[in-house]
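Containing mmCIF, C-alpha atoms (C1' of nucleotides): structure.cif.
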```cif
data_data
#
loop_
_atom_site.group_PDB
_atom_site.id
_atom_site.type_symbol
_atom_site.label_atom_id
_atom_site.label_comp_id
_atom_site.auth_asym_id
_atom_site.auth_seq_id
_atom_site.Cartn_x
_atom_site.Cartn_y
_atom_site.Cartn_z
ATOM 1 C CA MET A 1 -18.913 6.598 1.443
ATOM 2 C CA THR A 2 -16.568 9.568 1.346
ATOM 3 C CA ALA A 3 -13.996 7.822 3.539
ATOM 4 C CA PRO A 4 -12.445 4.782 1.820
ATOM 5 C CA ALA A 5 -11.195 1.907 3.943
ATOM 6 C CA LEU A 6 -7.824 2.430 5.583
ATOM 7 C CA PRO A 7 -5.916 -0.267 3.688
ATOM 8 C CA VAL A 8 -7.080 1.194 0.400
ATOM 9 C CA VAL A 9 -5.832 4.691 1.152
ATOM 10 C CA CYS A 10 -2.570 3.340 2.493
ATOM 11 C CA ALA A 11 -2.157 1.195 -0.604
ATOM 12 C CA ALA A 12 -2.621 4.303 -2.723
ATOM 13 C CA LEU A 13 0.194 5.891 -0.731
ATOM 14 C CA GLY A 14 2.317 2.768 -0.938
ATOM 15 C CA ASP A 15 3.870 3.545 -4.278
ATOM 16 C CA ALA A 16 6.932 5.699 -4.869
ATOM 17 C CA THR A 17 5.751 7.051 -8.209
ATOM 18 C CA ARG A 18 2.480 8.176 -6.685
ATOM 19 C CA TRP A 19 4.374 10.023 -3.990
ATOM 20 C CA GLU A 20 6.354 11.758 -6.705
ATOM 21 C CA ILE A 21 3.121 12.819 -8.299
ATOM 22 C CA LEU A 22 1.594 13.915 -5.020
ATOM 23 C CA THR A 23 4.667 15.938 -4.129
ATOM 24 C CA ARG A 24 4.454 17.841 -7.400
ATOM 25 C CA LEU A 25 0.721 18.312 -7.065
ATOM 26 C CA GLY A 26 1.263 19.565 -3.550
ATOM 27 C CA GLU A 27 3.259 22.445 -4.922
ATOM 28 C CA GLY A 28 0.572 23.463 -7.346
ATOM 29 C CA PRO A 29 -1.950 22.250 -9.939
ATOM 30 C CA MET A 30 -0.610 20.308 -12.903
ATOM 31 C CA SER A 31 -1.900 18.404 -15.908
ATOM 32 C CA ALA A 32 -1.074 14.763 -16.572
ATOM 33 C CA SER A 33 1.019 15.712 -19.584
ATOM 34 C CA ALA A 34 2.983 18.238 -17.555
ATOM 35 C CA LEU A 35 3.702 15.547 -14.973
ATOM 36 C CA ALA A 36 4.755 13.135 -17.679
ATOM 37 C CA ARG A 37 7.280 15.670 -18.906
ATOM 38 C CA VAL A 38 8.820 15.869 -15.458
ATOM 39 C CA LEU A 39 8.614 12.277 -14.261
ATOM 40 C CA PRO A 40 10.288 9.244 -15.854
ATOM 41 C CA VAL A 41 7.018 7.507 -16.752
ATOM 42 C CA SER A 42 4.535 7.776 -19.559
ATOM 43 C CA ARG A 43 1.461 9.996 -19.441
ATOM 44 C CA GLN A 44 -0.776 6.930 -19.445
ATOM 45 C CA ALA A 45 0.917 5.494 -16.397
ATOM 46 C CA ILE A 46 0.468 8.818 -14.654
ATOM 47 C CA GLY A 47 -3.150 8.810 -15.690
ATOM 48 C CA LYS A 48 -3.698 5.499 -13.933
ATOM 49 C CA HIS A 49 -1.999 6.755 -10.792
ATOM 50 C CA LEU A 50 -4.121 9.887 -10.805
ATOM 51 C CA GLU A 51 -7.177 7.697 -11.105
ATOM 52 C CA VAL A 52 -6.159 5.733 -8.024
ATOM 53 C CA LEU A 53 -5.367 8.869 -6.069
ATOM 54 C CA ARG A 54 -8.608 10.528 -7.059
ATOM 55 C CA GLU A 55 -10.623 7.486 -5.987
ATOM 56 C CA VAL A 56 -9.320 7.738 -2.443
ATOM 57 C CA GLY A 57 -9.732 11.499 -2.363
ATOM 58 C CA LEU A 58 -6.071 12.418 -2.287
ATOM 59 C CA VAL A 59 -6.321 14.286 -5.562
ATOM 60 C CA GLU A 60 -8.953 16.473 -7.152
ATOM 61 C CA SER A 61 -9.198 17.266 -10.827
ATOM 62 C CA GLU A 62 -10.635 20.157 -12.745
ATOM 63 C CA GLN A 63 -11.114 20.825 -16.411
ATOM 64 C CA ARG A 64 -9.284 24.002 -17.263
ATOM 65 C CA GLY A 65 -9.462 24.983 -20.876
ATOM 66 C CA ARG A 66 -8.488 22.003 -22.965
ATOM 67 C CA GLU A 67 -6.443 20.388 -20.270
ATOM 68 C CA VAL A 68 -7.288 18.786 -16.933
ATOM 69 C CA VAL A 69 -5.322 19.988 -13.943
ATOM 70 C CA HIS A 70 -4.955 17.980 -10.752
ATOM 71 C CA LEU A 71 -3.989 18.959 -7.235
ATOM 72 C CA ALA A 72 -3.207 17.235 -3.958
ATOM 73 C CA VAL A 73 -5.834 17.347 -1.219
ATOM 74 C CA GLY A 74 -4.185 17.927 2.142
ATOM 75 C CA ALA A 75 -7.406 17.454 4.049
ATOM 76 C CA ARG A 76 -7.632 13.787 3.123
ATOM 77 C CA LEU A 77 -4.101 13.177 4.243
ATOM 78 C CA GLY A 78 -4.851 14.957 7.501
ATOM 79 C CA ALA A 79 -7.889 12.758 8.056
ATOM 80 C CA LEU A 80 -5.792 9.661 7.478
ATOM 81 C CA ALA A 81 -3.168 10.959 9.895
ATOM 82 C CA ARG A 82 -5.728 11.491 12.641
ATOM 83 C CA GLU A 83 -7.130 8.017 12.150
ATOM 84 C CA LEU A 84 -3.710 6.386 12.292
ATOM 85 C CA ASP A 85 -2.791 8.394 15.356
ATOM 86 C CA ARG A 86 -5.959 7.259 17.092
ATOM 87 C CA ILE A 87 -5.209 3.618 16.357
ATOM 88 C CA GLY A 88 -1.593 3.967 17.399
ATOM 89 C CA ARG A 89 -2.633 5.429 20.725
ATOM 90 C CA SER A 90 -5.030 2.577 21.339
ATOM 91 C CA TRP A 91 -2.245 0.091 20.755
ATOM 92 C CA GLU A 92 -0.062 1.948 23.191
ATOM 93 C CA SER A 93 -2.700 2.019 25.873
ATOM 94 C CA ARG A 94 -3.301 -1.697 25.517
ATOM 95 C CA LEU A 95 0.396 -2.254 25.771
ATOM 96 C CA LEU A 96 0.527 -0.199 28.936
ATOM 97 C CA ARG A 97 -2.237 -2.226 30.509
ATOM 98 C CA VAL A 98 -0.329 -5.393 29.769
ATOM 99 C CA LYS A 99 2.834 -3.978 31.237
ATOM 100 C CA GLU A 100 0.977 -2.851 34.317
ATOM 101 C CA LEU A 101 -0.260 -6.357 34.910
ATOM 102 C CA ALA A 102 3.172 -7.796 34.295
ATOM 103 C CA GLU A 103 4.946 -5.389 36.587
ATOM 104 C CA ARG A 104 2.519 -5.400 39.443
ATOM 105 C CA PRO A 105 4.334 -7.441 42.107
ATOM 106 C CA GLU A 106 1.033 -8.819 43.463
ATOM 107 C CA PRO A 107 2.374 -11.012 46.282
ATOM 108 C CA ASP A 108 -0.892 -12.946 46.796
ATOM 109 C CA THR A 109 -1.701 -14.322 43.385
ATOM 110 C CA ALA A 110 1.635 -15.778 42.409
ATOM 111 C CA GLU A 111 -0.016 -17.981 39.800
ATOM 112 C CA ARG A 112 -0.533 -15.157 37.292
ATOM 113 C CA ARG A 113 1.699 -16.328 34.477
ATOM 114 C CA SER A 114 -0.122 -14.681 31.570
ATOM 115 C CA ALA A 115 -3.246 -12.561 31.444
ATOM 116 C CA TYR A 116 -3.488 -12.284 27.651
ATOM 117 C CA ASP A 117 -4.172 -15.920 26.944
ATOM 118 C CA THR A 118 -5.688 -16.960 23.619
ATOM 119 C CA MET B 1 17.992 3.837 9.372
ATOM 120 C CA THR B 2 15.246 3.481 11.961
ATOM 121 C CA ALA B 3 12.730 5.417 9.887
ATOM 122 C CA PRO B 4 11.890 3.639 6.612
ATOM 123 C CA ALA B 5 10.766 5.702 3.627
ATOM 124 C CA LEU B 6 7.146 6.789 3.644
ATOM 125 C CA PRO B 7 5.977 4.744 0.648
ATOM 126 C CA VAL B 8 7.413 1.610 2.206
ATOM 127 C CA VAL B 9 5.550 2.000 5.476
ATOM 128 C CA CYS B 10 2.351 2.898 3.661
ATOM 129 C CA ALA B 11 2.761 -0.126 1.417
ATOM 130 C CA ALA B 12 3.074 -2.285 4.516
ATOM 131 C CA LEU B 13 -0.229 -0.821 5.682
ATOM 132 C CA GLY B 14 -1.794 -1.203 2.260
ATOM 133 C CA ASP B 15 -2.903 -4.776 2.721
ATOM 134 C CA ALA B 16 -6.134 -5.921 4.344
ATOM 135 C CA THR B 17 -4.655 -9.093 5.799
ATOM 136 C CA ARG B 18 -1.863 -7.153 7.466
ATOM 137 C CA TRP B 19 -4.423 -4.851 9.041
ATOM 138 C CA GLU B 20 -6.204 -7.898 10.389
ATOM 139 C CA ILE B 21 -2.960 -9.039 11.909
ATOM 140 C CA LEU B 22 -2.145 -5.608 13.301
ATOM 141 C CA THR B 23 -5.580 -5.288 14.828
ATOM 142 C CA ARG B 24 -5.172 -8.558 16.684
ATOM 143 C CA LEU B 25 -1.634 -7.685 17.740
ATOM 144 C CA GLY B 26 -2.905 -4.337 18.953
ATOM 145 C CA GLU B 27 -5.071 -6.118 21.476
ATOM 146 C CA GLY B 28 -2.228 -8.185 22.834
ATOM 147 C CA PRO B 29 0.821 -10.284 21.966
ATOM 148 C CA MET B 30 0.262 -13.327 19.788
ATOM 149 C CA SER B 31 2.261 -16.024 18.067
ATOM 150 C CA ALA B 32 2.114 -16.665 14.323
ATOM 151 C CA SER B 33 0.382 -19.978 14.882
ATOM 152 C CA ALA B 34 -2.223 -18.380 17.105
ATOM 153 C CA LEU B 35 -2.909 -15.818 14.389
ATOM 154 C CA ALA B 36 -3.171 -18.556 11.781
ATOM 155 C CA ARG B 37 -5.836 -20.253 13.880
ATOM 156 C CA VAL B 38 -7.903 -17.089 13.887
ATOM 157 C CA LEU B 39 -7.329 -15.728 10.381
ATOM 158 C CA PRO B 40 -8.243 -17.436 7.118
ATOM 159 C CA VAL B 41 -4.661 -17.758 5.885
ATOM 160 C CA SER B 42 -1.830 -20.176 6.476
ATOM 161 C CA ARG B 43 0.798 -19.672 9.156
ATOM 162 C CA GLN B 44 3.456 -19.216 6.488
ATOM 163 C CA ALA B 45 1.541 -16.390 4.857
ATOM 164 C CA ILE B 46 1.212 -14.749 8.254
ATOM 165 C CA GLY B 47 4.914 -15.213 8.783
ATOM 166 C CA LYS B 48 5.673 -13.259 5.640
ATOM 167 C CA HIS B 49 3.342 -10.471 6.678
ATOM 168 C CA LEU B 50 4.941 -10.292 10.094
ATOM 169 C CA GLU B 51 8.323 -10.027 8.410
ATOM 170 C CA VAL B 52 7.135 -7.059 6.373
ATOM 171 C CA LEU B 53 5.581 -5.382 9.380
ATOM 172 C CA ARG B 54 8.657 -5.939 11.498
ATOM 173 C CA GLU B 55 10.910 -4.450 8.836
ATOM 174 C CA VAL B 56 9.045 -1.162 8.950
ATOM 175 C CA GLY B 57 8.873 -1.162 12.732
ATOM 176 C CA LEU B 58 5.138 -1.696 13.075
ATOM 177 C CA VAL B 59 5.617 -4.976 14.886
ATOM 178 C CA GLU B 60 8.108 -6.244 17.413
ATOM 179 C CA SER B 61 8.798 -9.862 18.163
ATOM 180 C CA GLU B 62 10.022 -11.646 21.224
ATOM 181 C CA GLN B 63 10.968 -15.230 21.892
ATOM 182 C CA ARG B 64 8.850 -16.468 24.744
ATOM 183 C CA GLY B 65 9.343 -20.066 25.664
ATOM 184 C CA ARG B 66 9.160 -22.156 22.535
ATOM 185 C CA GLU B 67 7.045 -19.696 20.649
ATOM 186 C CA VAL B 68 7.642 -16.237 19.261
ATOM 187 C CA VAL B 69 5.074 -13.626 20.202
ATOM 188 C CA HIS B 70 4.532 -10.467 18.222
ATOM 189 C CA LEU B 71 2.909 -7.167 19.093
ATOM 190 C CA ALA B 72 1.878 -3.976 17.334
ATOM 191 C CA VAL B 73 4.006 -0.895 17.928
ATOM 192 C CA GLY B 74 1.788 2.156 18.298
ATOM 193 C CA ALA B 75 4.708 4.546 18.381
ATOM 194 C CA ARG B 76 5.619 3.818 14.768
ATOM 195 C CA LEU B 77 2.087 4.438 13.649
ATOM 196 C CA GLY B 78 2.062 7.679 15.585
ATOM 197 C CA ALA B 79 5.253 8.797 13.899
ATOM 198 C CA LEU B 80 3.753 8.033 10.519
ATOM 199 C CA ALA B 81 0.641 9.983 11.443
ATOM 200 C CA ARG B 82 2.631 13.055 12.390
ATOM 201 C CA GLU B 83 4.589 12.919 9.180
ATOM 202 C CA LEU B 84 1.479 12.616 7.049
ATOM 203 C CA ASP B 85 -0.177 15.418 8.949
ATOM 204 C CA ARG B 86 2.801 17.670 8.351
ATOM 205 C CA ILE B 87 2.734 16.983 4.621
ATOM 206 C CA GLY B 88 -1.010 17.450 4.425
ATOM 207 C CA ARG B 89 -0.726 20.844 6.085
ATOM 208 C CA SER B 90 1.962 21.919 3.658
ATOM 209 C CA TRP B 91 -0.289 21.036 0.750
ATOM 210 C CA GLU B 92 -3.076 23.059 2.289
ATOM 211 C CA SER B 93 -0.903 26.099 2.791
ATOM 212 C CA ARG B 94 0.305 25.942 -0.806
ATOM 213 C CA LEU B 95 -3.265 25.678 -1.916
ATOM 214 C CA LEU B 96 -4.144 28.750 0.093
ATOM 215 C CA ARG B 97 -1.369 30.730 -1.539
ATOM 216 C CA VAL B 98 -2.657 29.766 -4.960
ATOM 217 C CA LYS B 99 -6.162 30.774 -4.012
ATOM 218 C CA GLU B 100 -4.937 34.073 -2.711
ATOM 219 C CA LEU B 101 -3.379 34.853 -6.050
ATOM 220 C CA ALA B 102 -6.474 33.730 -7.889
ATOM 221 C CA GLU B 103 -8.866 35.666 -5.718
ATOM 222 C CA ARG B 104 -7.000 38.928 -5.634
ATOM 223 C CA PRO B 105 -9.682 41.191 -7.157
ATOM 224 C CA GLU B 106 -7.353 42.850 -9.682
ATOM 225 C CA PRO B 107 -9.954 45.428 -10.862
ATOM 226 C CA ASP B 108 -8.899 45.454 -14.525
ATOM 227 C CA THR B 109 -9.340 41.761 -15.322
ATOM 228 C CA ALA B 110 -13.003 41.254 -14.548
ATOM 229 C CA GLU B 111 -12.967 37.757 -15.997
ATOM 230 C CA ARG B 112 -13.217 36.040 -12.642
ATOM 231 C CA ARG B 113 -15.488 33.107 -13.407
ATOM 232 C CA SER B 114 -14.912 30.978 -10.304
ATOM 233 C CA ALA B 115 -11.933 29.925 -8.328
ATOM 234 C CA TYR B 116 -12.109 26.134 -8.231
ATOM 235 C CA ASP B 117 -13.415 26.028 -4.696
ATOM 236 C CA THR B 118 -14.675 22.726 -3.313
ATOM 237 C "C1'" DG C 1 -8.657 26.159 -41.304
ATOM 238 C "C1'" DC C 2 -5.040 23.815 -39.831
ATOM 239 C "C1'" DC C 3 -1.822 21.933 -36.700
ATOM 240 C "C1'" DA C 4 0.028 20.963 -32.215
ATOM 241 C "C1'" DG C 5 -0.732 19.586 -27.760
ATOM 242 C "C1'" DG C 6 -3.822 17.189 -24.363
ATOM 243 C "C1'" DT C 7 -6.902 13.440 -23.281
ATOM 244 C "C1'" DG C 8 -9.236 8.775 -23.213
ATOM 245 C "C1'" DC C 9 -9.427 4.012 -24.250
ATOM 246 C "C1'" DA C 10 -7.629 -0.610 -25.102
ATOM 247 C "C1'" DA C 11 -4.454 -4.229 -25.667
ATOM 248 C "C1'" DC C 12 -0.433 -6.017 -24.037
ATOM 249 C "C1'" DC C 13 3.949 -7.228 -21.196
ATOM 250 C "C1'" DC C 14 5.985 -8.594 -17.073
ATOM 251 C "C1'" DC C 15 7.215 -9.182 -12.402
ATOM 252 C "C1'" DA C 16 6.467 -8.419 -7.429
ATOM 253 C "C1'" DG C 17 4.211 -10.421 -3.900
ATOM 254 C "C1'" DG C 18 0.301 -12.748 -1.444
ATOM 255 C "C1'" DG C 19 -0.878 -17.436 -0.835
ATOM 256 C "C1'" DT C 20 -0.048 -22.459 -0.684
ATOM 257 C "C1'" DT C 21 2.050 -27.054 0.302
ATOM 258 C "C1'" DG C 22 5.753 -29.890 2.085
ATOM 259 C "C1'" DC C 23 9.455 -31.017 4.992
ATOM 260 C "C1'" DA C 24 12.893 -30.809 8.660
ATOM 261 C "C1'" DC C 25 14.084 -29.092 13.033
ATOM 262 C "C1'" DT C 26 13.534 -27.572 17.728
ATOM 263 C "C1'" DT C 27 11.310 -27.287 22.124
ATOM 264 C "C1'" DG C 28 8.022 -28.126 25.621
ATOM 265 C "C1'" DC C 29 4.817 -30.574 28.386
ATOM 266 C "C1'" DT C 30 3.550 -34.990 30.755
ATOM 267 C "C1'" DA D 1 11.200 -40.820 26.403
ATOM 268 C "C1'" DG D 2 7.813 -39.529 23.345
ATOM 269 C "C1'" DC D 3 4.285 -36.872 21.316
ATOM 270 C "C1'" DA D 4 2.288 -32.471 20.130
ATOM 271 C "C1'" DA D 5 2.935 -27.865 18.935
ATOM 272 C "C1'" DG D 6 5.677 -24.001 17.031
ATOM 273 C "C1'" DT D 7 9.007 -22.401 13.838
ATOM 274 C "C1'" DG D 8 12.051 -21.777 9.562
ATOM 275 C "C1'" DC D 9 13.074 -22.554 4.911
ATOM 276 C "C1'" DA D 10 12.174 -23.517 0.061
ATOM 277 C "C1'" DA D 11 9.707 -24.346 -4.062
ATOM 278 C "C1'" DC D 12 5.821 -23.226 -6.455
ATOM 279 C "C1'" DC D 13 1.351 -21.057 -8.330
ATOM 280 C "C1'" DC D 14 -1.136 -17.242 -10.035
ATOM 281 C "C1'" DT D 15 -3.316 -12.896 -9.914
ATOM 282 C "C1'" DG D 16 -2.850 -7.789 -9.652
ATOM 283 C "C1'" DG D 17 -1.189 -3.832 -11.102
ATOM 284 C "C1'" DG D 18 2.589 -0.707 -12.744
ATOM 285 C "C1'" DG D 19 4.337 0.302 -17.168
ATOM 286 C "C1'" DT D 20 4.260 0.589 -22.236
ATOM 287 C "C1'" DT D 21 2.703 1.363 -27.060
ATOM 288 C "C1'" DG D 22 -0.749 2.644 -30.416
ATOM 289 C "C1'" DC D 23 -4.661 4.985 -31.971
ATOM 290 C "C1'" DA D 24 -8.741 8.062 -32.226
ATOM 291 C "C1'" DC D 25 -10.705 12.187 -30.704
ATOM 292 C "C1'" DC D 26 -11.210 16.980 -28.978
ATOM 293 C "C1'" DT D 27 -9.902 21.679 -28.582
ATOM 294 C "C1'" DG D 28 -7.515 25.835 -28.548
ATOM 295 C "C1'" DG D 29 -4.266 29.079 -30.673
ATOM 296 C "C1'" DC D 30 -2.161 31.166 -34.812
#
```
Show me the file's structure as structure tokens.
Amino acid sequence: MTAPALPVVCAALGDATRWEILTRLGEGPMSASALARVLPVSRQAIGKHLEVLREVGLVESEQRGREVVHLAVGARLGALARELDRIGRSWESRLLRVKELAERPEPDTAERRSAYDT
Amino acid sequence: MTAPALPVVCAALGDATRWEILTRLGEGPMSASALARVLPVSRQAIGKHLEVLREVGLVESEQRGREVVHLAVGARLGALARELDRIGRSWESRLLRVKELAERPEPDTAERRSAYDT
DNA sequence: GCCAGGTGCAACCCCAGGGTTGCACTTGCT
DNA sequence: AGCAAGTGCAACCCTGGGGTTGCACCTGGC
């Protein structure tokens, strides 16, 4: 499955350090050691983060000479964005339907206290 | 600040149980107890999740009678989506610039083995 | 050939947070 | 009035994962 479950991708994005990494990798390819020199964490920690990010497709890696460079994949983030947008819209539409029901004066059926019962 | 930091919102979305809750709340307002009856976790656990979700604006709560009903806020998710999309695009454009540089034929240096295309 | 820099693996520490139980309080519904 | 249902708060457990250190192993440049 090329598209990991939503919570997993979001969890990968739910860490400040990983965002730091992604931001740097969004500006251009970098090796883990290079990142470690810039960020306030050890290379090993960065390695673990890269692993997580790679697993959800937010980062791609490539052996270049003796080092491995990584870079941020915008496409994955775009895919996530579209999915979230879709879900958000569905929530909104449901909300609108509820409001419609609530606001419709409906003089006949005065007994309509709540449509969304359990 | 009405717009929490990106990692925080993503972290809120980085939990399967919270997605369960959000999904249900996306279909209509519900109380914590009602959710606890449906989901395999205690009401207290759900309460904590709702707290987290409310703090990042993904859920709104309203006292209704003796119970408190909660509902998913699509607008927040939409805002997140737009932000992620924007960032993803910026990564892509940076990537394109890099590729441009790499692919410029530069007749002298014939050592073009392969630009790390997908 | 040698050394420096880059990587991978493994063991370990430690705390945030997801989950639970228990209790007290309020608020309806009949 | 009285009972059932909903909520809030607090203490507590325990696993996950972010972070570290240490070491062994390549590999490329001088």
Residues of chain C near chain B: apply a cut-off of 10 Å, count only C-alpha atoms (C1' of nucleotides), and supply the list as a ChimeraX atom specification. /C:18-20,26-28
Residues returned when the PyMOL selection byres ((chain D) within 10 of (chain B)) runs on this file, as a ChimeraX atom specification: /D:5-8
Which of B:His70, B:Arg54, B:Arg89, B:Arg24 sits closest to chain A [using all atoms listed in the file]: B:Arg89
Kindly resolve the PyMOL selection byres ((chain B) within 9 of (chain A)) on the present coordinates and return the residues as number ranges by chain. B: 6-16, 18-19, 23, 25-30, 34, 71-95, 98, 116
Which residues would end up in the selection if the PyMOL selection byres ((chain D and resi 11) around 12) were applied here, given that I need the answer as an mmCIF file with C-alpha atoms (C1' of nucleotides), in the frame of the given file?
```cif
data_model
loop_
_atom_site.group_PDB
_atom_site.id
_atom_site.type_symbol
_atom_site.label_atom_id
_atom_site.label_comp_id
_atom_site.auth_asym_id
_atom_site.auth_seq_id
_atom_site.Cartn_x
_atom_site.Cartn_y
_atom_site.Cartn_z
ATOM 1 C "C1'" DT C 20 -0.048 -22.459 -0.684
ATOM 2 C "C1'" DT C 21 2.050 -27.054 0.302
ATOM 3 C "C1'" DG C 22 5.753 -29.890 2.085
ATOM 4 C "C1'" DC C 23 9.455 -31.017 4.992
ATOM 5 C "C1'" DC D 9 13.074 -22.554 4.911
ATOM 6 C "C1'" DA D 10 12.174 -23.517 0.061
ATOM 7 C "C1'" DC D 12 5.821 -23.226 -6.455
ATOM 8 C "C1'" DC D 13 1.351 -21.057 -8.330
#
```
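Summary of the local environment: counting only C-alpha atoms (C1' of nucleotides), residues at most 12 Å from DC2 (chain C), other than itself and those fewer than 4 positions away along its chain, are D:DG28, D:DG29, D:DC30.
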How far is it from CA of Arg37 (chain A) to C1' of DT21 (chain D), in Å with one decimal? 17.1 Å
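Nearest to DT20 (chain D) of all the residues C:DC12, C:DC29, C:DG5, C:DA24 is C:DC12, based on only C-alpha atoms (C1' of nucleotides).
The space between C1' of DA11 (chain C) and C1' of DG18 (chain D) spans 15.1 Å.
Take C1' of DA4 (chain C) and C1' of DA24 (chain D): the distance between them is 15.6 Å.
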Could you work out an axis-aligned bounding box for all listed atoms of region 68-87 of chain B, with 4 Å added on each of the six sides, and give its centre and edge lengths in Å to one decimal, as JSON?
```
{"center_x": 3.7, "center_y": 0.7, "center_z": 12.4, "size_x": 15.8, "size_y": 41.9, "size_z": 23.6}
```
